[in-house]
$ cat target.tsv   # TSV, C-alpha atoms and all ligand atoms
chain	number	residue	atom	x	y	z
A	1	MET	CA	86.17	85.99	108.38
A	2	SER	CA	86.18	89.33	110.09
A	3	GLU	CA	86.39	92.33	107.78
A	4	LYS	CA	86.24	94.79	110.66
A	5	SER	CA	89.87	95.00	111.63
A	6	TYR	CA	92.12	95.38	108.63
A	7	PRO	CA	95.37	93.38	108.89
A	8	VAL	CA	98.44	95.48	109.51
A	9	GLY	CA	101.86	94.91	107.95
A	10	GLY	CA	104.56	94.03	110.45
A	11	VAL	CA	101.88	93.08	112.99
A	12	ASP	CA	99.58	90.63	111.21
A	13	TYR	CA	101.77	89.68	108.27
A	14	PRO	CA	105.46	89.96	107.36
A	15	ARG	CA	106.37	92.81	105.05
A	16	THR	CA	109.62	91.50	103.65
A	17	MET	CA	111.42	88.23	102.99
A	18	GLN	CA	113.64	89.00	105.95
A	19	GLU	CA	110.65	89.47	108.26
A	20	PHE	CA	109.14	86.28	106.89
A	21	ASP	CA	112.29	84.34	107.80
A	22	GLU	CA	112.38	85.87	111.27
A	23	TRP	CA	108.73	85.23	112.02
A	24	PHE	CA	108.58	81.66	110.78
A	25	SER	CA	111.94	80.25	111.73
A	26	ASN	CA	110.47	77.11	113.35
A	27	GLU	CA	107.39	74.88	113.46
A	28	VAL	CA	106.00	76.32	116.69
A	29	ALA	CA	105.93	79.81	115.19
A	30	CYS	CA	104.00	78.48	112.19
A	31	VAL	CA	101.52	76.62	114.41
A	32	GLU	CA	100.98	79.74	116.51
A	33	TYR	CA	100.28	81.78	113.40
A	34	LEU	CA	97.77	79.21	112.13
A	35	ARG	CA	96.11	79.12	115.53
A	36	ARG	CA	95.72	82.90	115.49
A	37	LEU	CA	94.17	82.96	112.03
A	38	ARG	CA	91.99	79.94	112.62
A	39	TRP	CA	90.55	81.23	115.89
A	40	PRO	CA	90.74	85.03	115.57
A	41	GLU	CA	88.48	85.41	118.62
A	42	GLY	CA	90.64	83.01	120.59
A	43	PHE	CA	90.70	79.22	120.80
A	44	GLN	CA	87.70	77.47	122.29
A	45	CYS	CA	87.82	73.81	123.25
A	46	PRO	CA	85.33	71.89	121.02
A	47	ASN	CA	84.71	69.52	123.93
A	48	CYS	CA	84.05	71.77	126.94
A	49	GLY	CA	84.00	75.27	125.46
A	50	LYS	CA	86.71	76.63	127.75
A	51	ASN	CA	89.34	78.82	126.18
A	52	LYS	CA	92.49	78.02	128.08
A	53	ALA	CA	94.87	75.72	126.23
A	54	TRP	CA	98.54	74.92	125.84
A	55	LEU	CA	100.42	74.12	122.72
A	56	THR	CA	102.12	70.73	122.93
A	57	GLY	CA	105.33	69.90	121.17
A	58	ARG	CA	103.44	68.13	118.39
A	59	GLY	CA	101.36	71.07	117.28
A	60	LEU	CA	98.33	70.10	119.38
A	61	LEU	CA	96.37	72.35	121.69
A	62	ARG	CA	95.68	70.71	125.04
A	63	CYS	CA	92.66	72.05	126.88
A	64	ALA	CA	93.56	73.16	130.41
A	65	ASN	CA	90.12	72.14	131.66
A	66	CYS	CA	89.28	68.75	130.10
A	67	GLN	CA	92.72	67.82	128.69
A	68	ARG	CA	91.30	67.13	125.26
A	69	GLN	CA	93.78	67.69	122.44
A	70	THR	CA	92.82	69.60	119.33
A	71	SER	CA	94.93	69.65	116.21
A	72	VAL	CA	95.54	73.09	114.78
A	73	ILE	CA	95.73	71.69	111.24
A	74	ALA	CA	92.84	69.18	111.35
A	75	GLY	CA	90.07	70.30	109.00
A	76	THR	CA	92.37	72.67	107.14
A	77	LEU	CA	94.34	72.54	103.90
A	78	PHE	CA	97.33	71.27	105.91
A	79	GLU	CA	95.57	68.26	107.44
A	80	GLY	CA	97.63	65.08	107.46
A	81	THR	CA	100.69	66.71	105.94
A	82	ARG	CA	104.05	65.04	106.38
A	83	LYS	CA	105.93	68.13	105.31
A	84	PRO	CA	106.95	70.79	107.84
A	85	LEU	CA	104.54	73.71	108.09
A	86	ARG	CA	107.50	75.91	107.36
A	87	THR	CA	107.60	74.44	103.86
A	88	TRP	CA	103.92	75.25	103.40
A	89	PHE	CA	104.57	78.79	104.56
A	90	GLN	CA	107.46	79.14	102.13
A	91	VAL	CA	105.24	78.00	99.29
A	92	MET	CA	102.47	80.43	100.26
A	93	TRP	CA	105.00	83.23	100.52
A	94	TYR	CA	106.53	82.31	97.16
A	95	ILE	CA	103.16	82.35	95.40
A	96	THR	CA	101.86	85.56	96.91
A	97	SER	CA	105.07	87.54	96.73
A	98	GLN	CA	105.15	87.31	92.95
A	99	LYS	CA	102.84	89.59	91.12
A	100	TYR	CA	101.91	87.11	88.44
A	101	GLY	CA	102.19	83.97	90.49
A	102	GLY	CA	104.67	81.19	90.17
A	103	ASN	CA	104.84	78.06	88.08
A	104	ALA	CA	105.81	74.57	89.16
A	105	LEU	CA	109.32	74.83	87.79
A	106	GLY	CA	110.02	78.00	89.74
A	107	LEU	CA	108.56	76.53	92.90
A	108	LYS	CA	110.59	73.35	92.54
A	109	ARG	CA	113.74	75.48	92.41
A	110	VAL	CA	112.86	77.83	95.27
A	111	VAL	CA	111.56	75.30	97.79
A	112	GLY	CA	113.75	72.44	96.65
A	113	PHE	CA	111.02	69.92	95.83
A	114	GLY	CA	112.30	66.62	94.50
A	115	SER	CA	110.02	66.52	91.49
A	116	TYR	CA	108.06	68.74	89.17
A	117	GLN	CA	104.92	66.73	90.00
A	118	THR	CA	105.21	67.56	93.69
A	119	ALA	CA	105.59	71.26	92.98
A	120	TRP	CA	102.65	71.12	90.56
A	121	THR	CA	100.44	69.42	93.14
A	122	TRP	CA	101.32	71.97	95.81
A	123	LEU	CA	100.47	74.83	93.51
A	124	HIS	CA	97.06	73.32	92.86
A	125	LYS	CA	96.51	72.90	96.60
A	126	MET	CA	97.27	76.58	96.98
A	127	ARG	CA	94.81	77.49	94.24
A	128	HIS	CA	92.22	75.34	95.99
A	129	ALA	CA	92.62	77.61	99.04
A	130	MET	CA	92.25	80.77	96.99
A	131	VAL	CA	88.46	80.50	96.95
A	132	ARG	CA	87.04	81.58	100.25
A	133	PRO	CA	84.18	79.35	101.42
A	134	GLY	CA	80.94	81.31	101.77
A	135	ARG	CA	82.32	84.35	100.01
A	136	ASP	CA	80.04	87.28	99.26
A	137	ARG	CA	78.21	87.54	96.00
A	138	LEU	CA	78.82	90.35	93.54
A	139	SER	CA	76.29	93.17	93.64
A	140	GLY	CA	75.28	96.46	92.08
A	141	LYS	CA	75.82	96.64	88.36
A	142	VAL	CA	77.41	93.47	86.98
A	143	GLU	CA	78.45	92.61	83.44
A	144	VAL	CA	78.23	88.94	82.46
A	145	ASP	CA	79.49	87.37	79.26
A	146	GLU	CA	81.37	84.32	78.04
A	147	THR	CA	84.86	84.20	76.68
A	148	TYR	CA	86.88	81.45	75.03
A	149	VAL	CA	90.18	80.30	76.44
A	150	GLY	CA	92.62	77.94	74.81
A	151	GLY	CA	94.98	77.42	71.92
A	152	ALA	CA	94.58	79.19	68.62
A	153	GLU	CA	91.71	77.73	66.70
A	154	THR	CA	90.98	78.97	63.25
A	155	GLY	CA	87.70	78.81	61.47
A	156	VAL	CA	85.64	78.78	64.65
A	157	ARG	CA	83.60	81.85	65.37
A	158	GLY	CA	81.63	83.13	68.26
A	159	ARG	CA	79.70	80.60	70.29
A	160	GLU	CA	80.28	77.69	67.91
A	161	THR	CA	83.49	76.56	69.57
A	162	GLU	CA	84.40	72.91	70.08
A	163	LYS	CA	87.90	72.74	71.47
A	164	LYS	CA	88.31	75.96	73.40
A	165	ALA	CA	87.19	76.18	77.00
A	166	ILE	CA	84.22	78.43	77.67
A	167	VAL	CA	84.61	80.71	80.65
A	168	VAL	CA	81.79	82.87	82.02
A	169	VAL	CA	82.99	86.17	83.42
A	170	ALA	CA	81.09	88.39	85.85
A	171	VAL	CA	82.53	91.75	86.85
A	172	GLU	CA	81.17	94.57	88.99
A	173	ILE	CA	80.99	97.87	87.15
A	174	HIS	CA	81.70	100.99	89.17
A	175	GLU	CA	80.26	104.35	88.14
A	176	PRO	CA	81.51	106.53	86.55
A	177	PHE	CA	84.38	104.17	85.77
A	178	GLY	CA	86.44	101.30	87.14
A	179	PHE	CA	85.77	97.69	88.06
A	180	GLY	CA	85.06	95.92	91.33
A	181	ARG	CA	85.37	92.21	91.95
A	182	VAL	CA	85.22	89.36	89.46
A	183	ARG	CA	83.95	85.80	89.38
A	184	LEU	CA	84.92	83.26	86.74
A	185	ARG	CA	83.87	79.74	85.91
A	186	GLN	CA	84.34	77.23	83.16
A	187	VAL	CA	81.04	76.00	81.72
A	188	PRO	CA	80.38	73.03	79.40
A	189	ASP	CA	78.21	75.08	77.02
A	190	VAL	CA	76.40	78.40	76.73
A	191	SER	CA	72.90	77.14	77.46
A	192	GLY	CA	70.73	78.78	80.07
A	193	ALA	CA	71.18	75.63	82.19
A	194	SER	CA	74.92	76.44	82.42
A	195	LEU	CA	74.81	80.24	82.57
A	196	VAL	CA	71.89	81.04	84.85
A	197	PRO	CA	73.07	78.92	87.84
A	198	PHE	CA	76.41	80.73	87.61
A	199	VAL	CA	74.66	84.10	87.87
A	200	CYS	CA	72.47	82.90	90.76
A	201	GLU	CA	75.47	81.61	92.67
A	202	MET	CA	77.77	84.55	92.05
A	203	ILE	CA	75.49	87.60	91.99
A	204	GLU	CA	73.18	89.00	94.67
A	205	PRO	CA	69.49	88.97	93.62
A	206	GLY	CA	68.21	92.47	92.89
A	207	SER	CA	71.44	93.40	91.12
A	208	GLU	CA	71.45	94.78	87.61
A	209	VAL	CA	72.92	92.18	85.26
A	210	LEU	CA	74.17	93.40	81.89
A	211	THR	CA	74.40	90.87	79.09
A	212	ASP	CA	74.33	90.83	75.33
A	213	GLY	CA	71.29	89.54	73.46
A	214	TRP	CA	72.08	85.84	73.92
A	215	GLY	CA	68.96	83.84	74.79
A	216	GLY	CA	70.76	81.83	77.48
A	217	TYR	CA	70.23	84.73	79.86
A	218	ASN	CA	66.52	85.15	79.14
A	219	THR	CA	65.28	83.82	82.47
A	220	LEU	CA	67.29	86.18	84.69
A	221	VAL	CA	64.25	88.32	85.46
A	222	GLU	CA	62.49	85.24	86.88
A	223	HIS	CA	65.42	84.92	89.29
A	224	ASN	CA	64.90	88.46	90.57
A	225	TYR	CA	67.60	90.23	88.61
A	226	ILE	CA	67.23	93.47	86.73
A	227	HIS	CA	68.27	92.30	83.30
A	228	SER	CA	69.71	94.91	80.93
A	229	LYS	CA	70.25	93.47	77.49
A	230	THR	CA	72.29	95.04	74.76
A	231	ILE	CA	71.72	93.60	71.32
A	232	LEU	CA	75.06	93.71	69.54
A	233	SER	CA	73.77	93.32	66.01
A	234	SER	CA	71.30	96.16	66.21
A	235	SER	CA	73.72	98.66	67.73
A	236	GLY	CA	76.60	97.82	65.41
A	237	ASP	CA	79.15	98.50	68.15
A	238	PRO	CA	81.95	95.98	68.68
A	239	ALA	CA	81.74	93.84	71.82
A	240	HIS	CA	84.42	95.68	73.77
A	241	VAL	CA	82.42	98.93	73.61
A	242	LEU	CA	79.28	97.34	75.00
A	243	MET	CA	80.93	95.00	77.50
A	244	PRO	CA	84.06	96.91	78.49
A	245	GLY	CA	84.40	95.15	81.84
A	246	VAL	CA	84.17	91.57	80.62
A	247	HIS	CA	86.27	92.38	77.59
A	248	ARG	CA	89.03	93.80	79.77
A	249	ILE	CA	88.98	90.90	82.26
A	250	ALA	CA	89.04	88.36	79.44
A	251	ALA	CA	92.03	90.09	77.82
A	252	LEU	CA	93.92	90.24	81.13
A	253	LEU	CA	93.11	86.61	81.90
A	254	LYS	CA	94.44	85.41	78.55
A	255	ARG	CA	97.55	87.53	78.86
A	256	TRP	CA	98.16	86.16	82.36
A	257	LEU	CA	97.73	82.53	81.22
A	258	LEU	CA	100.13	83.18	78.37
A	259	GLY	CA	102.69	85.03	80.46
A	260	ALA	CA	102.74	82.90	83.57
A	261	TYR	CA	101.99	79.51	82.02
A	262	GLN	CA	102.77	79.97	78.33
A	263	GLY	CA	99.11	79.28	77.71
A	264	SER	CA	99.68	75.61	78.45
A	265	VAL	CA	96.72	75.14	80.76
A	266	SER	CA	94.48	72.20	80.01
A	267	SER	CA	90.77	72.73	80.38
A	268	LYS	CA	90.73	69.91	82.92
A	269	TYR	CA	92.61	72.09	85.41
A	270	LEU	CA	91.49	75.46	84.13
A	271	ASP	CA	89.19	76.07	87.11
A	272	TYR	CA	92.20	76.08	89.44
A	273	TYR	CA	93.82	78.79	87.35
A	274	LEU	CA	90.58	80.76	87.26
A	275	ASP	CA	90.54	80.65	91.06
A	276	GLU	CA	94.09	81.94	91.21
A	277	TYR	CA	93.32	84.69	88.74
A	278	THR	CA	90.24	85.71	90.73
A	279	PHE	CA	92.23	85.75	93.98
A	280	ARG	CA	94.87	88.01	92.45
A	281	PHE	CA	92.49	90.28	90.58
A	282	ASN	CA	90.22	90.88	93.56
A	283	ARG	CA	93.23	91.87	95.65
A	284	ARG	CA	94.98	93.86	92.95
A	285	SER	CA	94.90	97.08	94.97
A	286	ALA	CA	96.67	95.54	97.99
A	287	GLN	CA	99.74	97.69	98.59
A	288	ALA	CA	101.64	94.93	100.34
A	289	ARG	CA	102.24	91.46	98.94
A	290	GLY	CA	102.31	90.28	102.54
A	291	LEU	CA	98.61	90.98	102.75
A	292	LEU	CA	98.00	88.39	100.05
A	293	PHE	CA	100.05	85.93	102.08
A	294	TYR	CA	97.85	86.70	105.09
A	295	ARG	CA	94.66	86.18	103.08
A	296	LEU	CA	95.93	82.92	101.65
A	297	VAL	CA	96.82	81.51	105.08
A	298	GLU	CA	93.51	82.75	106.44
A	299	GLN	CA	91.64	80.86	103.71
A	300	ALA	CA	93.86	77.78	103.96
A	301	VAL	CA	92.64	77.21	107.52
A	302	GLN	CA	89.04	77.45	106.29
A	303	VAL	CA	89.17	74.94	103.43
A	304	GLU	CA	89.41	71.17	103.56
A	305	HIS	CA	92.52	69.27	102.64
A	306	ILE	CA	92.67	68.11	99.01
A	307	SER	CA	94.76	65.18	97.79
A	308	ARG	CA	96.76	64.81	94.58
A	309	ASN	CA	94.28	62.17	93.44
A	310	GLN	CA	91.34	64.49	94.00
A	311	ILE	CA	93.09	67.13	91.92
A	312	ILE	CA	93.92	64.76	89.09
A	313	LEU	CA	90.53	63.07	89.02
A	314	GLY	CA	88.77	66.42	89.20
B	401	ZN	ZN	88.12	71.27	127.05
$ encode --input "target.tsv" --output "structure tokens" --more "lines below"
Ligand SMILES: [Zn+2]
Amino acid sequence: MSEKSYPVGGVDYPRTMQEFDEWFSNEVACVEYLRRLRWPEGFQCPNCGKNKAWLTGRGLLRCANCQRQTSVIAGTLFEGTRKPLRTWFQVMWYITSQKYGGNALGLKRVVGFGSYQTAWTWLHKMRHAMVRPGRDRLSGKVEVDETYVGGAETGVRGRETEKKAIVVVAVEIHEPFGFGRVRLRQVPDVSGASLVPFVCEMIEPGSEVLTDGWGGYNTLVEHNYIHSKTILSSSGDPAHVLMPGVHRIAALLKRWLLGAYQGSVSSKYLDYYLDEYTFRFNRRSAQARGLLFYRLVEQAVQVEHISRNQIILG
């Protein structure tokens, strides 16, 4: 993905519902848009490398040189779809144009899906596209801590949870104040074997990683991180004073799950919701909702298709 040229409203993405309808009034317009985002430097024939091609009526690009046909949607989220691309676009617009996202019931109504299950599946496919393959790692000063997500559970304290899902949160801390990007993941437990790989995957080596005194993070220095530990018990400060970033993200995440989904998210599918939350949070400063639509389409042409079975089986 090219970060150099910033997408412009009205040129690269529609700014309003009316513009959306005008731009994507038919299948060819949708295919052309996908083609542009999939090959930002221009299409190149995978067979002969030439760049001159025509769009056929069936959404295929036919190379002017060797006649080979290339599908615009093969190898993308839309591969093998039997639904019109326009429906996909409507769903992507619906999801990104709402600040807190949409639920399956709302989507069923807006797009006119026959069943709740269909709408639910489509939403999960969208969430699947919200993680950009090969995305950059967090860097600089990064807070890392775990939080517990799930229904009210009394009598369980701290890390001794059984039923709640454990989510590790990493957030960039900006000086003197403010937060950068976040990364979230559900982990089976709080052992070093679960926590350290998360840090290694999500955070650039050499970064300063701030954690509490939990032993699970003890090996971070061996992985080339600057590890700054704050021992909660010795300082006597409550957690939100020492880990303001993680505490804030965790509170926002829980509020979002409650508000948008009434908290009814099973841990089996929680990772999809974490991806959606991350997508929204990391683009929270986007002035135009259309920019989120653009980013989602851009990522949808970079990820592989996922089936309902794959979603359900995990
Ligand atoms: Zn060719």
$ residues_near_ligand --input "target.tsv" --ligand "ligand ZN 401 (chain B)" --cutoff "7 Å" --atoms "all atoms listed in the file" --output "list in words"
Cys45, Pro46, Asn47, Cys48, Gly49, Lys50, Cys63, Ala64, Asn65, Cys66, Gln67 and Arg68 of chain A
$ write_last_selection --input "target.tsv" --atoms "C-alpha atoms" --output "PDB file, in the coordinates of the input"
ATOM      1  CA  CYS A  45      87.820  73.810 123.250  1.00  0.00           C
ATOM      2  CA  PRO A  46      85.330  71.890 121.020  1.00  0.00           C
ATOM      3  CA  ASN A  47      84.710  69.520 123.930  1.00  0.00           C
ATOM      4  CA  CYS A  48      84.050  71.770 126.940  1.00  0.00           C
ATOM      5  CA  GLY A  49      84.000  75.270 125.460  1.00  0.00           C
ATOM      6  CA  LYS A  50      86.710  76.630 127.750  1.00  0.00           C
ATOM      7  CA  CYS A  63      92.660  72.050 126.880  1.00  0.00           C
ATOM      8  CA  ALA A  64      93.560  73.160 130.410  1.00  0.00           C
ATOM      9  CA  ASN A  65      90.120  72.140 131.660  1.00  0.00           C
ATOM     10  CA  CYS A  66      89.280  68.750 130.100  1.00  0.00           C
ATOM     11  CA  GLN A  67      92.720  67.820 128.690  1.00  0.00           C
ATOM     12  CA  ARG A  68      91.300  67.130 125.260  1.00  0.00           C
TER      13      ARG A  68
END
$ residues_around --input "target.tsv" --residues "Pro133 in chain A" --least-positions-apart "4" --cutoff "8 Å" --atoms "all atoms listed in the file" --output "ChimeraX atom specification"
/A:299,302-303
$ closest_residue --input "target.tsv" --among "A:Ala53, A:Met243, A:Val72, A:Val199" --to "Arg36 in chain A" --atoms "all atoms listed in the file"
A:Val72
$ residues_around --input "target.tsv" --residues "Ala193 in chain A" --least-positions-apart "3" --cutoff "12 Å" --atoms "all atoms listed in the file" --output "list of chain:residue names"
A:Val187, A:Pro188, A:Asp189, A:Val190, A:Val196, A:Pro197, A:Phe198, A:Val199, A:Cys200, A:Gly215, A:Gly216, A:Tyr217, A:Asn218, A:Thr219, A:Leu220
$ atom_distance --input "target.tsv" --atom1 "CA of Leu184 in chain A" --atom2 "CA of Val168 in chain A"
5.7 Å
$ residues_around --input "target.tsv" --residues "Gln262 in chain A" --least-positions-apart "5" --cutoff "12 Å" --atoms "all atoms listed in the file" --output "list in words"
Asn103, Gly150, Gly151, Lys254, Arg255, Trp256 and Leu257 of chain A
$ residues_around --input "target.tsv" --residues "range 82-97 of chain A" --least-positions-apart "4" --cutoff "9 Å" --atoms "only C-alpha atoms" --output "PyMOL selection string"
chain A and resi 17+20+24-27+29-31+78+101-103+107+110-111+122-123+126+280+288-293+296-297
$ closest_residue --input "target.tsv" --among "A:His247, A:His305, A:Arg283, A:Arg38" --to "Asp145 in chain A" --atoms "only C-alpha atoms"
A:His247
$ axis_aligned_box --input "target.tsv" --around "range 253-271 of chain A" --padding-each-side "3 Å" --output "lines of an AutoDock Vina configuration file"
center_x = 96.0
center_y = 78.7
center_z = 82.4
size_x = 19.6
size_y = 23.6
size_z = 15.4
$ closest_residue --input "target.tsv" --among "A:Arg135, A:Glu143, A:Glu276, A:Asp271" --to "Lys229 in chain A" --atoms "all atoms listed in the file"
A:Glu143
$ residues_around --input "target.tsv" --residues "Phe179 in chain A" --least-positions-apart "3" --cutoff "12 Å" --atoms "all atoms listed in the file" --output "list of chain:residue names"
A:Leu138, A:Ser139, A:Gly140, A:Lys141, A:Val142, A:Glu143, A:Ala170, A:Val171, A:Glu172, A:Ile173, A:His174, A:Glu175, A:Pro176, A:Val182, A:Met243, A:Pro244, A:Gly245, A:Val246, A:His247, A:Arg248, A:Ile249, A:Phe281, A:Asn282, A:Arg284, A:Ser285
$ closest_residue --input "target.tsv" --among "A:Met202, A:Ala300, A:Val167, A:Ile312" --to "Leu77 in chain A" --atoms "all atoms listed in the file"
A:Ala300
$ decode --input "target.tsv" --residues "range 282-291 of chain A" --atoms "all heavy atoms" --output "PDB file, in the first residue's frame"
ATOM      1  N   ASN A 282      -7.703   3.107  14.974  1.00  0.00           N
ATOM      2  CA  ASN A 282      -6.510   3.617  14.303  1.00  0.00           C
ATOM      3  C   ASN A 282      -6.832   4.629  13.215  1.00  0.00           C
ATOM      4  O   ASN A 282      -5.937   5.302  12.712  1.00  0.00           O
ATOM      5  CB  ASN A 282      -5.675   2.459  13.741  1.00  0.00           C
ATOM      6  CG  ASN A 282      -5.021   1.659  14.860  1.00  0.00           C
ATOM      7  OD1 ASN A 282      -4.973   2.100  16.011  1.00  0.00           O
ATOM      8  ND2 ASN A 282      -4.527   0.478  14.530  1.00  0.00           N
ATOM      9  N   ARG A 283      -8.098   4.753  12.866  1.00  0.00           N
ATOM     10  CA  ARG A 283      -8.513   5.747  11.880  1.00  0.00           C
ATOM     11  C   ARG A 283      -9.471   6.755  12.481  1.00  0.00           C
ATOM     12  O   ARG A 283     -10.249   7.389  11.776  1.00  0.00           O
ATOM     13  CB  ARG A 283      -9.142   5.046  10.668  1.00  0.00           C
ATOM     14  CG  ARG A 283      -8.107   4.314   9.856  1.00  0.00           C
ATOM     15  CD  ARG A 283      -8.711   3.240   8.968  1.00  0.00           C
ATOM     16  NE  ARG A 283      -7.650   2.434   8.361  1.00  0.00           N
ATOM     17  CZ  ARG A 283      -7.028   1.450   8.989  1.00  0.00           C
ATOM     18  NH1 ARG A 283      -7.359   1.136  10.222  1.00  0.00           N
ATOM     19  NH2 ARG A 283      -6.070   0.780   8.393  1.00  0.00           N
ATOM     20  N   ARG A 284      -9.398   6.900  13.800  1.00  0.00           N
ATOM     21  CA  ARG A 284     -10.369   7.742  14.496  1.00  0.00           C
ATOM     22  C   ARG A 284     -10.273   9.209  14.111  1.00  0.00           C
ATOM     23  O   ARG A 284     -11.239   9.951  14.251  1.00  0.00           O
ATOM     24  CB  ARG A 284     -10.193   7.600  16.016  1.00  0.00           C
ATOM     25  CG  ARG A 284      -8.851   8.103  16.535  1.00  0.00           C
ATOM     26  CD  ARG A 284      -8.596   7.567  17.926  1.00  0.00           C
ATOM     27  NE  ARG A 284      -7.327   7.993  18.498  1.00  0.00           N
ATOM     28  CZ  ARG A 284      -6.144   7.469  18.196  1.00  0.00           C
ATOM     29  NH1 ARG A 284      -6.059   6.516  17.279  1.00  0.00           N
ATOM     30  NH2 ARG A 284      -5.041   7.902  18.772  1.00  0.00           N
ATOM     31  N   SER A 285      -9.097   9.643  13.618  1.00  0.00           N
ATOM     32  CA  SER A 285      -8.956  11.056  13.287  1.00  0.00           C
ATOM     33  C   SER A 285      -9.381  11.366  11.853  1.00  0.00           C
ATOM     34  O   SER A 285      -9.364  12.511  11.441  1.00  0.00           O
ATOM     35  CB  SER A 285      -7.514  11.500  13.510  1.00  0.00           C
ATOM     36  OG  SER A 285      -6.668  10.727  12.680  1.00  0.00           O
ATOM     37  N   ALA A 286      -9.761  10.330  11.086  1.00  0.00           N
ATOM     38  CA  ALA A 286     -10.186  10.569   9.701  1.00  0.00           C
ATOM     39  C   ALA A 286     -11.395  11.507   9.686  1.00  0.00           C
ATOM     40  O   ALA A 286     -12.410  11.221  10.315  1.00  0.00           O
ATOM     41  CB  ALA A 286     -10.519   9.248   9.026  1.00  0.00           C
ATOM     42  N   GLN A 287     -11.263  12.613   8.981  1.00  0.00           N
ATOM     43  CA  GLN A 287     -12.344  13.588   8.932  1.00  0.00           C
ATOM     44  C   GLN A 287     -13.537  13.041   8.150  1.00  0.00           C
ATOM     45  O   GLN A 287     -14.673  13.324   8.463  1.00  0.00           O
ATOM     46  CB  GLN A 287     -11.848  14.883   8.271  1.00  0.00           C
ATOM     47  CG  GLN A 287     -10.793  15.610   9.100  1.00  0.00           C
ATOM     48  CD  GLN A 287     -11.347  16.122  10.417  1.00  0.00           C
ATOM     49  OE1 GLN A 287     -12.409  16.737  10.445  1.00  0.00           O
ATOM     50  NE2 GLN A 287     -10.644  15.853  11.507  1.00  0.00           N
ATOM     51  N   ALA A 288     -13.257  12.276   7.116  1.00  0.00           N
ATOM     52  CA  ALA A 288     -14.334  11.800   6.260  1.00  0.00           C
ATOM     53  C   ALA A 288     -14.558  10.312   6.460  1.00  0.00           C
ATOM     54  O   ALA A 288     -13.611   9.534   6.488  1.00  0.00           O
ATOM     55  CB  ALA A 288     -13.996  12.083   4.805  1.00  0.00           C
ATOM     56  N   ARG A 289     -15.824   9.919   6.600  1.00  0.00           N
ATOM     57  CA  ARG A 289     -16.131   8.500   6.720  1.00  0.00           C
ATOM     58  C   ARG A 289     -15.781   7.783   5.419  1.00  0.00           C
ATOM     59  O   ARG A 289     -15.451   6.601   5.427  1.00  0.00           O
ATOM     60  CB  ARG A 289     -17.628   8.286   7.030  1.00  0.00           C
ATOM     61  CG  ARG A 289     -18.181   9.104   8.175  1.00  0.00           C
ATOM     62  CD  ARG A 289     -17.398   8.980   9.449  1.00  0.00           C
ATOM     63  NE  ARG A 289     -17.381   7.626  10.010  1.00  0.00           N
ATOM     64  CZ  ARG A 289     -16.629   7.274  11.043  1.00  0.00           C
ATOM     65  NH1 ARG A 289     -15.837   8.154  11.608  1.00  0.00           N
ATOM     66  NH2 ARG A 289     -16.662   6.054  11.498  1.00  0.00           N
ATOM     67  N   GLY A 290     -15.850   8.521   4.317  1.00  0.00           N
ATOM     68  CA  GLY A 290     -15.531   7.933   3.014  1.00  0.00           C
ATOM     69  C   GLY A 290     -14.108   7.399   2.957  1.00  0.00           C
ATOM     70  O   GLY A 290     -13.825   6.447   2.240  1.00  0.00           O
ATOM     71  N   LEU A 291     -13.227   8.007   3.734  1.00  0.00           N
ATOM     72  CA  LEU A 291     -11.845   7.543   3.762  1.00  0.00           C
ATOM     73  C   LEU A 291     -11.766   6.137   4.355  1.00  0.00           C
ATOM     74  O   LEU A 291     -10.959   5.310   3.928  1.00  0.00           O
ATOM     75  CB  LEU A 291     -10.974   8.515   4.565  1.00  0.00           C
ATOM     76  CG  LEU A 291      -9.480   8.191   4.643  1.00  0.00           C
ATOM     77  CD1 LEU A 291      -8.846   8.112   3.254  1.00  0.00           C
ATOM     78  CD2 LEU A 291      -8.753   9.226   5.490  1.00  0.00           C
TER      79      LEU A 291
END
